[in-house]
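A.B. asks: Below you'll find the structure I mean.
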Amino acid sequence: MTRYLITGAAGMLGRDLQAMLAGRDVTAFDRTDLDITDRAAVLAQVVGYDVIINAAAYTQVDDAETNEDAAYAINATGPHNLALAASATGAKLVQISTDYVFDGSATAPYAEDTEIDPISAYGRTKAAGEAFVLQEHPAGSYIVRTAWLYGQHGPNFPKTMLKLAAARDTLSVVDDQVGQPTWTADLAAQIVALLDSDAPAGIYHGTSSGVTSWFGFARAVFATAGLDPERVTPTDSSQFVRPAPRPSYSVLGHDAWAAAGLSPIRDWREALAAAAEQGIFADQ
């Protein structure tokens, strides 16, 4: 029986991965169970596992601008340690990465083999993590880049929009950043499908199909909830200046899935409707 180890298990994706792997032999570690920045601890803990899924990450994008060393430890040193350990034991490794490894200046979806060019500290640290994994365990690793995540157990853009809708008549949301809203439950299912297949090692883009802006996403959330989407008005990023620059274009291409004989994640609108039907945007 395949034995799975999930790091970052207390996070949004980590919890959905546990649900998706229910009934299998899974060990789920959060940061108190395993510090992935501690090489000796990692080398000792991963023995006996066939698959390691690293969902641990420093994801505070703005804080990373002034705490890059802390972000690097989790986003680069941690994956480096896991890749060394996986290589030593022959385990498969799934490293979760991000659209932030790109600069966001493209006008067509980023292919999996596009040269990376991060523009923020967070992006740089995640890019370094990718490089370590590819260096140490290329034949047994999957790098799965994702973006614009929302889920039941973590930051939830739709839920935030609905809370604001209850307090305000109108909302202004940026319309000059485009990407692919991705439900963590869909991403977890895609990762499991990848591991269950004979897909080759390499880079895969784990984002929903379709494209929208944050403004379009917010309007869709309103419509799904039976609210008037006209209450959402467009603005631009200059009205919301933040410490870390955001890629303006975060659309990732999905050709690697087809090459591996797998379907990409479904359209983001279909996922949004399914997530709403499951009640993940309701107050808990």
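Starting from 1 in every chain, residues are counted up; chains themselves are A, B, ... following the order of the structure tokens, and ligands are numbered from 1 as listed.
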Name all residues at most 7 Å from segment 99-113 of chain A (count only C-alpha atoms; drop same-chain ones fewer than 4 positions away) and give them as a list of chain:residue names.
C.D. replies: A:Asp117, A:Pro118, A:Ile119, A:Gly123, A:Arg124, A:Lys126, A:Ala127, A:Arg145, A:Thr146, A:Ala147, A:Ile203, A:Tyr204, A:His205, A:Pro247, A:Ser248, A:Tyr249, A:Ser250, A:Val251, A:Leu252, A:Gly253
A.B. asks: Restricted to all heavy atoms, what would the selected residues look like written as a compact mmCIF listing (two decimals), in the first residue's frame?
C.D. replies:
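Dumped to result-v3.txt:
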```txt
# COMPACT_ATOMS: atom_id res chain seq x y z
N ASP A 117 10.74 34.50 -13.96
CA ASP A 117 11.29 35.84 -13.72
C ASP A 117 10.48 36.51 -12.62
O ASP A 117 9.68 37.42 -12.88
CB ASP A 117 11.25 36.66 -15.02
CG ASP A 117 11.93 38.02 -14.85
OD1 ASP A 117 12.75 38.18 -13.92
OD2 ASP A 117 11.62 38.93 -15.65
N PRO A 118 10.65 36.08 -11.36
CA PRO A 118 9.84 36.63 -10.27
C PRO A 118 10.15 38.10 -9.99
O PRO A 118 11.28 38.55 -10.17
CB PRO A 118 10.21 35.75 -9.08
CG PRO A 118 11.57 35.22 -9.42
CD PRO A 118 11.60 35.06 -10.91
N ILE A 119 9.13 38.82 -9.54
CA ILE A 119 9.28 40.26 -9.29
C ILE A 119 9.05 40.61 -7.82
O ILE A 119 9.03 41.79 -7.45
CB ILE A 119 8.32 41.09 -10.17
CG1 ILE A 119 6.86 40.66 -9.96
CG2 ILE A 119 8.72 40.97 -11.64
CD1 ILE A 119 5.84 41.54 -10.69
N GLY A 123 7.93 35.49 -4.73
CA GLY A 123 8.18 34.80 -5.98
C GLY A 123 9.60 34.27 -6.08
O GLY A 123 9.83 33.15 -6.55
N ARG A 124 10.56 35.07 -5.61
CA ARG A 124 11.96 34.62 -5.65
C ARG A 124 12.17 33.38 -4.78
O ARG A 124 12.88 32.45 -5.17
CB ARG A 124 12.90 35.75 -5.19
CG ARG A 124 13.05 36.88 -6.19
CD ARG A 124 14.18 37.83 -5.79
NE ARG A 124 13.91 38.56 -4.56
CZ ARG A 124 13.25 39.71 -4.48
NH1 ARG A 124 12.78 40.27 -5.60
NH2 ARG A 124 13.08 40.33 -3.32
N LYS A 126 9.93 31.12 -3.87
CA LYS A 126 9.27 29.95 -4.46
C LYS A 126 10.03 29.45 -5.68
O LYS A 126 10.12 28.23 -5.92
CB LYS A 126 7.82 30.29 -4.82
CG LYS A 126 6.92 30.56 -3.62
CD LYS A 126 6.73 29.33 -2.73
CE LYS A 126 5.79 28.33 -3.34
NZ LYS A 126 5.52 27.20 -2.39
N ALA A 127 10.59 30.37 -6.45
CA ALA A 127 11.40 29.97 -7.61
C ALA A 127 12.64 29.21 -7.14
O ALA A 127 13.05 28.21 -7.77
CB ALA A 127 11.81 31.20 -8.41
N ARG A 145 2.37 24.25 -10.07
CA ARG A 145 2.16 25.69 -9.84
C ARG A 145 0.66 25.98 -9.80
O ARG A 145 -0.10 25.49 -10.64
CB ARG A 145 2.79 26.51 -10.95
CG ARG A 145 4.30 26.41 -11.02
CD ARG A 145 4.85 27.28 -12.13
NE ARG A 145 6.30 27.16 -12.27
CZ ARG A 145 6.94 26.98 -13.44
NH1 ARG A 145 6.23 26.93 -14.57
NH2 ARG A 145 8.24 26.87 -13.48
N THR A 146 0.27 26.79 -8.85
CA THR A 146 -1.13 27.16 -8.75
C THR A 146 -1.25 28.65 -8.50
O THR A 146 -0.25 29.37 -8.41
CB THR A 146 -1.83 26.33 -7.66
OG1 THR A 146 -3.24 26.49 -7.75
CG2 THR A 146 -1.33 26.71 -6.26
N ALA A 147 -2.49 29.14 -8.39
CA ALA A 147 -2.71 30.59 -8.26
C ALA A 147 -4.15 30.85 -7.81
O ALA A 147 -5.03 30.02 -8.01
CB ALA A 147 -2.46 31.28 -9.61
N ILE A 203 6.95 19.74 -14.53
CA ILE A 203 6.16 20.90 -14.09
C ILE A 203 4.75 20.81 -14.66
O ILE A 203 4.55 20.58 -15.86
CB ILE A 203 6.83 22.21 -14.53
CG1 ILE A 203 8.22 22.32 -13.89
CG2 ILE A 203 5.97 23.41 -14.17
CD1 ILE A 203 9.06 23.48 -14.42
N TYR A 204 3.76 21.03 -13.79
CA TYR A 204 2.35 21.04 -14.17
C TYR A 204 1.71 22.31 -13.59
O TYR A 204 2.12 22.77 -12.52
CB TYR A 204 1.64 19.80 -13.63
CG TYR A 204 2.12 18.51 -14.28
CD1 TYR A 204 3.30 17.89 -13.85
CD2 TYR A 204 1.43 17.93 -15.33
CE1 TYR A 204 3.77 16.73 -14.46
CE2 TYR A 204 1.87 16.76 -15.94
CZ TYR A 204 3.04 16.17 -15.49
OH TYR A 204 3.50 15.02 -16.10
N HIS A 205 0.72 22.82 -14.28
CA HIS A 205 0.04 24.02 -13.82
C HIS A 205 -1.34 23.67 -13.26
O HIS A 205 -2.26 23.33 -14.01
CB HIS A 205 -0.07 25.04 -14.95
CG HIS A 205 1.23 25.72 -15.25
ND1 HIS A 205 1.48 26.41 -16.42
CD2 HIS A 205 2.38 25.82 -14.52
CE1 HIS A 205 2.71 26.90 -16.39
NE2 HIS A 205 3.27 26.55 -15.25
N PRO A 247 1.74 40.10 -10.03
CA PRO A 247 1.73 39.89 -11.48
C PRO A 247 0.37 40.33 -12.04
O PRO A 247 -0.68 39.95 -11.51
CB PRO A 247 1.91 38.38 -11.62
CG PRO A 247 2.41 37.90 -10.30
CD PRO A 247 1.86 38.85 -9.28
N SER A 248 0.38 41.14 -13.08
CA SER A 248 -0.90 41.59 -13.64
C SER A 248 -1.55 40.51 -14.49
O SER A 248 -2.77 40.53 -14.69
CB SER A 248 -0.70 42.86 -14.46
OG SER A 248 0.22 42.62 -15.52
N TYR A 249 -0.74 39.56 -14.96
CA TYR A 249 -1.26 38.48 -15.80
C TYR A 249 -0.79 37.16 -15.20
O TYR A 249 0.39 36.84 -15.25
CB TYR A 249 -0.77 38.63 -17.24
CG TYR A 249 -1.36 37.64 -18.22
CD1 TYR A 249 -2.59 37.90 -18.84
CD2 TYR A 249 -0.71 36.46 -18.53
CE1 TYR A 249 -3.14 37.00 -19.75
CE2 TYR A 249 -1.24 35.55 -19.43
CZ TYR A 249 -2.46 35.83 -20.04
OH TYR A 249 -3.00 34.93 -20.94
N SER A 250 -1.71 36.41 -14.62
CA SER A 250 -1.37 35.18 -13.91
C SER A 250 -2.06 33.97 -14.53
O SER A 250 -2.53 33.08 -13.82
CB SER A 250 -1.76 35.29 -12.43
OG SER A 250 -0.94 36.23 -11.77
N VAL A 251 -2.15 33.95 -15.84
CA VAL A 251 -2.83 32.86 -16.53
C VAL A 251 -1.79 31.80 -16.91
O VAL A 251 -0.83 32.08 -17.62
CB VAL A 251 -3.58 33.36 -17.78
CG1 VAL A 251 -4.33 32.21 -18.45
CG2 VAL A 251 -4.54 34.48 -17.40
N LEU A 252 -2.01 30.59 -16.43
CA LEU A 252 -1.06 29.50 -16.66
C LEU A 252 -1.62 28.52 -17.68
O LEU A 252 -2.80 28.15 -17.63
CB LEU A 252 -0.78 28.77 -15.34
CG LEU A 252 -0.27 29.64 -14.18
CD1 LEU A 252 0.04 28.77 -12.96
CD2 LEU A 252 0.95 30.45 -14.58
N GLY A 253 -0.76 28.08 -18.60
CA GLY A 253 -1.16 27.11 -19.61
C GLY A 253 -1.18 25.69 -19.06
O GLY A 253 -0.52 25.39 -18.06
```
A.B. asks: So what do you get for atom CA of Lys92 of chain A versus atom CA of Val51 of chain A, distance-wise?
C.D. replies: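 It comes out at 4.7 Å.
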A.B. asks: Residues of segment 153-259 of chain A in strand (DSSP E or B) according to DSSP, as a PyMOL selection string?
C.D. replies: chain A and resi 171-174+178-179+182-183+202-205+208-209+212-213+232-235+249+252
A.B. asks: Output N, CA, C and O atoms of each residue in that selection to a file, as a PDB file, in the first residue's frame.
C.D. replies:
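Result written to out-v6.pdb:
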```
ATOM      1  N   LEU A 171     -19.134  47.648  -4.158  1.00  0.00           N
ATOM      2  CA  LEU A 171     -17.747  47.288  -3.905  1.00  0.00           C
ATOM      3  C   LEU A 171     -16.918  47.633  -5.128  1.00  0.00           C
ATOM      4  O   LEU A 171     -17.363  47.418  -6.260  1.00  0.00           O
ATOM      5  N   SER A 172     -15.709  48.137  -4.924  1.00  0.00           N
ATOM      6  CA  SER A 172     -14.778  48.368  -6.021  1.00  0.00           C
ATOM      7  C   SER A 172     -13.701  47.295  -5.979  1.00  0.00           C
ATOM      8  O   SER A 172     -13.051  47.101  -4.947  1.00  0.00           O
ATOM      9  N   VAL A 173     -13.523  46.619  -7.110  1.00  0.00           N
ATOM     10  CA  VAL A 173     -12.575  45.506  -7.181  1.00  0.00           C
ATOM     11  C   VAL A 173     -11.707  45.690  -8.427  1.00  0.00           C
ATOM     12  O   VAL A 173     -12.204  46.095  -9.487  1.00  0.00           O
ATOM     13  N   VAL A 174     -10.422  45.363  -8.307  1.00  0.00           N
ATOM     14  CA  VAL A 174      -9.494  45.624  -9.409  1.00  0.00           C
ATOM     15  C   VAL A 174      -9.827  44.774 -10.633  1.00  0.00           C
ATOM     16  O   VAL A 174     -10.144  43.596 -10.526  1.00  0.00           O
ATOM     17  N   VAL A 178      -5.502  39.697 -13.994  1.00  0.00           N
ATOM     18  CA  VAL A 178      -6.293  38.567 -14.475  1.00  0.00           C
ATOM     19  C   VAL A 178      -5.608  37.252 -14.118  1.00  0.00           C
ATOM     20  O   VAL A 178      -4.379  37.168 -14.028  1.00  0.00           O
ATOM     21  N   GLY A 179      -6.423  36.245 -13.899  1.00  0.00           N
ATOM     22  CA  GLY A 179      -5.892  34.945 -13.518  1.00  0.00           C
ATOM     23  C   GLY A 179      -6.975  33.875 -13.556  1.00  0.00           C
ATOM     24  O   GLY A 179      -7.977  34.002 -14.262  1.00  0.00           O
ATOM     25  N   THR A 182      -9.007  29.286  -8.329  1.00  0.00           N
ATOM     26  CA  THR A 182      -8.857  27.835  -8.215  1.00  0.00           C
ATOM     27  C   THR A 182      -9.272  27.368  -6.832  1.00  0.00           C
ATOM     28  O   THR A 182      -8.722  27.824  -5.822  1.00  0.00           O
ATOM     29  N   TRP A 183     -10.214  26.441  -6.800  1.00  0.00           N
ATOM     30  CA  TRP A 183     -10.727  25.873  -5.554  1.00  0.00           C
ATOM     31  C   TRP A 183      -9.734  24.820  -5.072  1.00  0.00           C
ATOM     32  O   TRP A 183      -9.344  23.937  -5.831  1.00  0.00           O
ATOM     33  N   GLY A 202       7.966  16.366 -13.646  1.00  0.00           N
ATOM     34  CA  GLY A 202       8.102  17.657 -14.314  1.00  0.00           C
ATOM     35  C   GLY A 202       7.169  18.701 -13.744  1.00  0.00           C
ATOM     36  O   GLY A 202       6.672  18.574 -12.625  1.00  0.00           O
ATOM     37  N   ILE A 203       6.948  19.740 -14.531  1.00  0.00           N
ATOM     38  CA  ILE A 203       6.159  20.899 -14.092  1.00  0.00           C
ATOM     39  C   ILE A 203       4.746  20.812 -14.662  1.00  0.00           C
ATOM     40  O   ILE A 203       4.553  20.579 -15.861  1.00  0.00           O
ATOM     41  N   TYR A 204       3.763  21.030 -13.790  1.00  0.00           N
ATOM     42  CA  TYR A 204       2.354  21.039 -14.170  1.00  0.00           C
ATOM     43  C   TYR A 204       1.711  22.305 -13.586  1.00  0.00           C
ATOM     44  O   TYR A 204       2.118  22.765 -12.521  1.00  0.00           O
ATOM     45  N   HIS A 205       0.722  22.817 -14.285  1.00  0.00           N
ATOM     46  CA  HIS A 205       0.036  24.023 -13.815  1.00  0.00           C
ATOM     47  C   HIS A 205      -1.342  23.668 -13.264  1.00  0.00           C
ATOM     48  O   HIS A 205      -2.257  23.332 -14.013  1.00  0.00           O
ATOM     49  N   SER A 208      -7.444  26.418 -12.403  1.00  0.00           N
ATOM     50  CA  SER A 208      -8.691  26.185 -13.122  1.00  0.00           C
ATOM     51  C   SER A 208      -8.569  26.607 -14.577  1.00  0.00           C
ATOM     52  O   SER A 208      -7.745  27.455 -14.936  1.00  0.00           O
ATOM     53  N   SER A 209      -9.403  26.029 -15.416  1.00  0.00           N
ATOM     54  CA  SER A 209      -9.531  26.492 -16.790  1.00  0.00           C
ATOM     55  C   SER A 209     -10.308  27.804 -16.807  1.00  0.00           C
ATOM     56  O   SER A 209     -11.029  28.136 -15.863  1.00  0.00           O
ATOM     57  N   THR A 212     -10.346  35.172 -15.738  1.00  0.00           N
ATOM     58  CA  THR A 212     -11.143  36.323 -15.326  1.00  0.00           C
ATOM     59  C   THR A 212     -10.250  37.294 -14.565  1.00  0.00           C
ATOM     60  O   THR A 212      -9.087  37.012 -14.302  1.00  0.00           O
ATOM     61  N   SER A 213     -10.804  38.435 -14.205  1.00  0.00           N
ATOM     62  CA  SER A 213     -10.115  39.388 -13.328  1.00  0.00           C
ATOM     63  C   SER A 213     -10.708  39.255 -11.932  1.00  0.00           C
ATOM     64  O   SER A 213     -11.726  38.579 -11.726  1.00  0.00           O
ATOM     65  N   VAL A 232     -20.913  45.488  -7.984  1.00  0.00           N
ATOM     66  CA  VAL A 232     -19.448  45.427  -8.040  1.00  0.00           C
ATOM     67  C   VAL A 232     -18.970  46.326  -9.175  1.00  0.00           C
ATOM     68  O   VAL A 232     -19.387  46.157 -10.325  1.00  0.00           O
ATOM     69  N   THR A 233     -18.119  47.275  -8.857  1.00  0.00           N
ATOM     70  CA  THR A 233     -17.624  48.203  -9.871  1.00  0.00           C
ATOM     71  C   THR A 233     -16.120  48.025 -10.060  1.00  0.00           C
ATOM     72  O   THR A 233     -15.405  47.641  -9.134  1.00  0.00           O
ATOM     73  N   PRO A 234     -15.628  48.300 -11.269  1.00  0.00           N
ATOM     74  CA  PRO A 234     -14.198  48.079 -11.534  1.00  0.00           C
ATOM     75  C   PRO A 234     -13.328  49.245 -11.078  1.00  0.00           C
ATOM     76  O   PRO A 234     -13.745  50.408 -11.099  1.00  0.00           O
ATOM     77  N   THR A 235     -12.122  48.915 -10.656  1.00  0.00           N
ATOM     78  CA  THR A 235     -11.107  49.912 -10.380  1.00  0.00           C
ATOM     79  C   THR A 235      -9.771  49.323 -10.848  1.00  0.00           C
ATOM     80  O   THR A 235      -9.740  48.277 -11.485  1.00  0.00           O
ATOM     81  N   TYR A 249      -0.735  39.561 -14.960  1.00  0.00           N
ATOM     82  CA  TYR A 249      -1.256  38.481 -15.798  1.00  0.00           C
ATOM     83  C   TYR A 249      -0.785  37.157 -15.204  1.00  0.00           C
ATOM     84  O   TYR A 249       0.393  36.837 -15.249  1.00  0.00           O
ATOM     85  N   LEU A 252      -2.011  30.586 -16.429  1.00  0.00           N
ATOM     86  CA  LEU A 252      -1.065  29.498 -16.657  1.00  0.00           C
ATOM     87  C   LEU A 252      -1.618  28.517 -17.683  1.00  0.00           C
ATOM     88  O   LEU A 252      -2.799  28.151 -17.635  1.00  0.00           O
TER      89      LEU A 252
END
```
A.B. asks: Might you pull out every residue within 8 Å of segment 2-14 of chain A, with only C-alpha atoms counted and same-chain residues fewer than 2 positions away left off, and present them as a PyMOL selection string?
C.D. replies: chain A and resi 16-18+24-31+34+46+48-57+150-155+184-185+187-188
A.B. asks: Mind giving me the straight-line distance from atom CA of Ala189 of chain A to atom CA of Leu21 of chain A in Å, one decimal?
C.D. replies: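 Atom CA of Ala189 of chain A sits 8.8 Å away from atom CA of Leu21 of chain A.
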A.B. asks: Pick out each residue of segment 47-267 of chain A that DSSP on the backbone tags as helix (DSSP H, G or I); I need them as a ChimeraX atom specification.
C.D. replies: /A:61-64,68-89,99-101,121-136,138-140,157-167,184-196,214-224,229-231,237-239,255-259
A.B. asks: Can you list, as a list of chain:residue names, every protein, DNA or RNA residue that comes within 10 Å of Val61 of chain A when you count only C-alpha atoms, leaving out same-chain residues fewer than 6 positions away?
C.D. replies: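 Counting only the stated atoms, we get A:Asn67, A:Glu68, A:Ala71, A:Tyr100, A:Ser120, A:Ala121, A:Tyr122, A:Gly123, A:Arg242, A:Pro243, A:Ala244, A:Pro245, A:Arg246.
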A.B. asks: Dump N, CA and C atoms for the selected residues as a PDB file, in the first residue's frame?
C.D. replies:
```pdb
ATOM      1  N   ASN A  67      10.786  40.245   5.102  1.00  0.00           N
ATOM      2  CA  ASN A  67      11.192  39.033   5.823  1.00  0.00           C
ATOM      3  C   ASN A  67      11.588  37.944   4.830  1.00  0.00           C
ATOM      4  N   GLU A  68      12.404  38.319   3.849  1.00  0.00           N
ATOM      5  CA  GLU A  68      12.723  37.363   2.785  1.00  0.00           C
ATOM      6  C   GLU A  68      13.487  36.154   3.319  1.00  0.00           C
ATOM      7  N   ALA A  71      10.946  33.750   4.636  1.00  0.00           N
ATOM      8  CA  ALA A  71      10.222  33.146   3.515  1.00  0.00           C
ATOM      9  C   ALA A  71      11.098  32.133   2.786  1.00  0.00           C
ATOM     10  N   TYR A 100       3.579  33.310  -9.086  1.00  0.00           N
ATOM     11  CA  TYR A 100       4.477  34.421  -8.758  1.00  0.00           C
ATOM     12  C   TYR A 100       5.906  34.184  -9.225  1.00  0.00           C
ATOM     13  N   SER A 120       8.895  39.609  -6.967  1.00  0.00           N
ATOM     14  CA  SER A 120       8.679  39.856  -5.539  1.00  0.00           C
ATOM     15  C   SER A 120       9.528  38.887  -4.731  1.00  0.00           C
ATOM     16  N   ALA A 121       9.698  39.198  -3.458  1.00  0.00           N
ATOM     17  CA  ALA A 121      10.463  38.311  -2.572  1.00  0.00           C
ATOM     18  C   ALA A 121       9.795  36.945  -2.490  1.00  0.00           C
ATOM     19  N   TYR A 122       8.484  36.929  -2.351  1.00  0.00           N
ATOM     20  CA  TYR A 122       7.751  35.663  -2.311  1.00  0.00           C
ATOM     21  C   TYR A 122       8.023  34.850  -3.574  1.00  0.00           C
ATOM     22  N   GLY A 123       7.930  35.489  -4.728  1.00  0.00           N
ATOM     23  CA  GLY A 123       8.185  34.804  -5.983  1.00  0.00           C
ATOM     24  C   GLY A 123       9.600  34.269  -6.075  1.00  0.00           C
ATOM     25  N   ARG A 242       0.343  48.032  -2.563  1.00  0.00           N
ATOM     26  CA  ARG A 242       0.768  47.116  -1.511  1.00  0.00           C
ATOM     27  C   ARG A 242       2.286  46.939  -1.596  1.00  0.00           C
ATOM     28  N   PRO A 243       2.898  46.477  -0.519  1.00  0.00           N
ATOM     29  CA  PRO A 243       4.370  46.374  -0.510  1.00  0.00           C
ATOM     30  C   PRO A 243       4.940  45.500  -1.626  1.00  0.00           C
ATOM     31  N   ALA A 244       4.294  44.374  -1.920  1.00  0.00           N
ATOM     32  CA  ALA A 244       4.814  43.454  -2.939  1.00  0.00           C
ATOM     33  C   ALA A 244       4.075  43.657  -4.258  1.00  0.00           C
ATOM     34  N   PRO A 245       4.797  43.756  -5.367  1.00  0.00           N
ATOM     35  CA  PRO A 245       4.127  43.860  -6.667  1.00  0.00           C
ATOM     36  C   PRO A 245       3.410  42.562  -7.010  1.00  0.00           C
ATOM     37  N   ARG A 246       2.230  42.687  -7.612  1.00  0.00           N
ATOM     38  CA  ARG A 246       1.465  41.530  -8.058  1.00  0.00           C
ATOM     39  C   ARG A 246       1.617  41.349  -9.555  1.00  0.00           C
TER      40      ARG A 246
END
```
A.B. asks: Report, in Å to a single decimal, how far apart atom CA of Asp186 of chain A and atom CA of Ala165 of chain A are.
C.D. replies: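 The value is 26.0 Å.
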A.B. asks: Would you pick out the contacts of Ile74 of chain A at 9 Å or less, using only C-alpha atoms, so that residues sharing its chain but fewer than 5 positions from it are not included, and give the list as a PyMOL selection string?
C.D. replies: chain A and resi 35-37+56-58+69+79+125+129
A.B. asks: Would you pick out the contacts of Ala201 of chain A at 7 Å or less, using only C-alpha atoms, so that residues sharing its chain but fewer than 2 positions from it are not included, and give the list as a ChimeraX atom specification?
C.D. replies: /A:139-142,199
A.B. asks: With all heavy atoms kept, could you save the residues just selected as a PDB file, in the first residue's frame?
C.D. replies:
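The resulting file, out-v4.pdb, is reproduced below:
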```pdb
ATOM      1  N   ALA A 139      13.951  13.265 -11.377  1.00  0.00           N
ATOM      2  CA  ALA A 139      13.240  12.120 -11.952  1.00  0.00           C
ATOM      3  C   ALA A 139      12.033  11.691 -11.131  1.00  0.00           C
ATOM      4  O   ALA A 139      11.199  10.931 -11.620  1.00  0.00           O
ATOM      5  CB  ALA A 139      14.200  10.934 -12.098  1.00  0.00           C
ATOM      6  N   GLY A 140      11.924  12.215  -9.899  1.00  0.00           N
ATOM      7  CA  GLY A 140      10.831  11.763  -9.041  1.00  0.00           C
ATOM      8  C   GLY A 140       9.960  12.873  -8.501  1.00  0.00           C
ATOM      9  O   GLY A 140       9.208  12.667  -7.541  1.00  0.00           O
ATOM     10  N   SER A 141      10.048  14.066  -9.108  1.00  0.00           N
ATOM     11  CA  SER A 141       9.335  15.216  -8.553  1.00  0.00           C
ATOM     12  C   SER A 141       8.333  15.820  -9.531  1.00  0.00           C
ATOM     13  O   SER A 141       8.578  15.883 -10.732  1.00  0.00           O
ATOM     14  CB  SER A 141      10.323  16.308  -8.123  1.00  0.00           C
ATOM     15  OG  SER A 141      11.114  15.865  -7.047  1.00  0.00           O
ATOM     16  N   TYR A 142       7.225  16.254  -8.968  1.00  0.00           N
ATOM     17  CA  TYR A 142       6.225  17.040  -9.693  1.00  0.00           C
ATOM     18  C   TYR A 142       6.188  18.433  -9.071  1.00  0.00           C
ATOM     19  O   TYR A 142       5.974  18.563  -7.865  1.00  0.00           O
ATOM     20  CB  TYR A 142       4.834  16.421  -9.567  1.00  0.00           C
ATOM     21  CG  TYR A 142       4.711  15.017 -10.094  1.00  0.00           C
ATOM     22  CD1 TYR A 142       4.667  13.928  -9.222  1.00  0.00           C
ATOM     23  CD2 TYR A 142       4.614  14.762 -11.461  1.00  0.00           C
ATOM     24  CE1 TYR A 142       4.541  12.636  -9.695  1.00  0.00           C
ATOM     25  CE2 TYR A 142       4.480  13.470 -11.947  1.00  0.00           C
ATOM     26  CZ  TYR A 142       4.446  12.410 -11.052  1.00  0.00           C
ATOM     27  OH  TYR A 142       4.322  11.125 -11.530  1.00  0.00           O
ATOM     28  N   ALA A 199       1.962   9.681 -15.145  1.00  0.00           N
ATOM     29  CA  ALA A 199       2.466  10.945 -15.691  1.00  0.00           C
ATOM     30  C   ALA A 199       3.945  11.101 -15.396  1.00  0.00           C
ATOM     31  O   ALA A 199       4.429  10.741 -14.316  1.00  0.00           O
ATOM     32  CB  ALA A 199       1.696  12.118 -15.095  1.00  0.00           C
TER      33      ALA A 199
END
```
A.B. asks: With only C-alpha atoms as the counted atoms, please give the residues lying no more than 12 Å from Ala274 of chain A, apart from itself and same-chain residues fewer than 4 positions off, as a count of residues only.
C.D. replies: 17
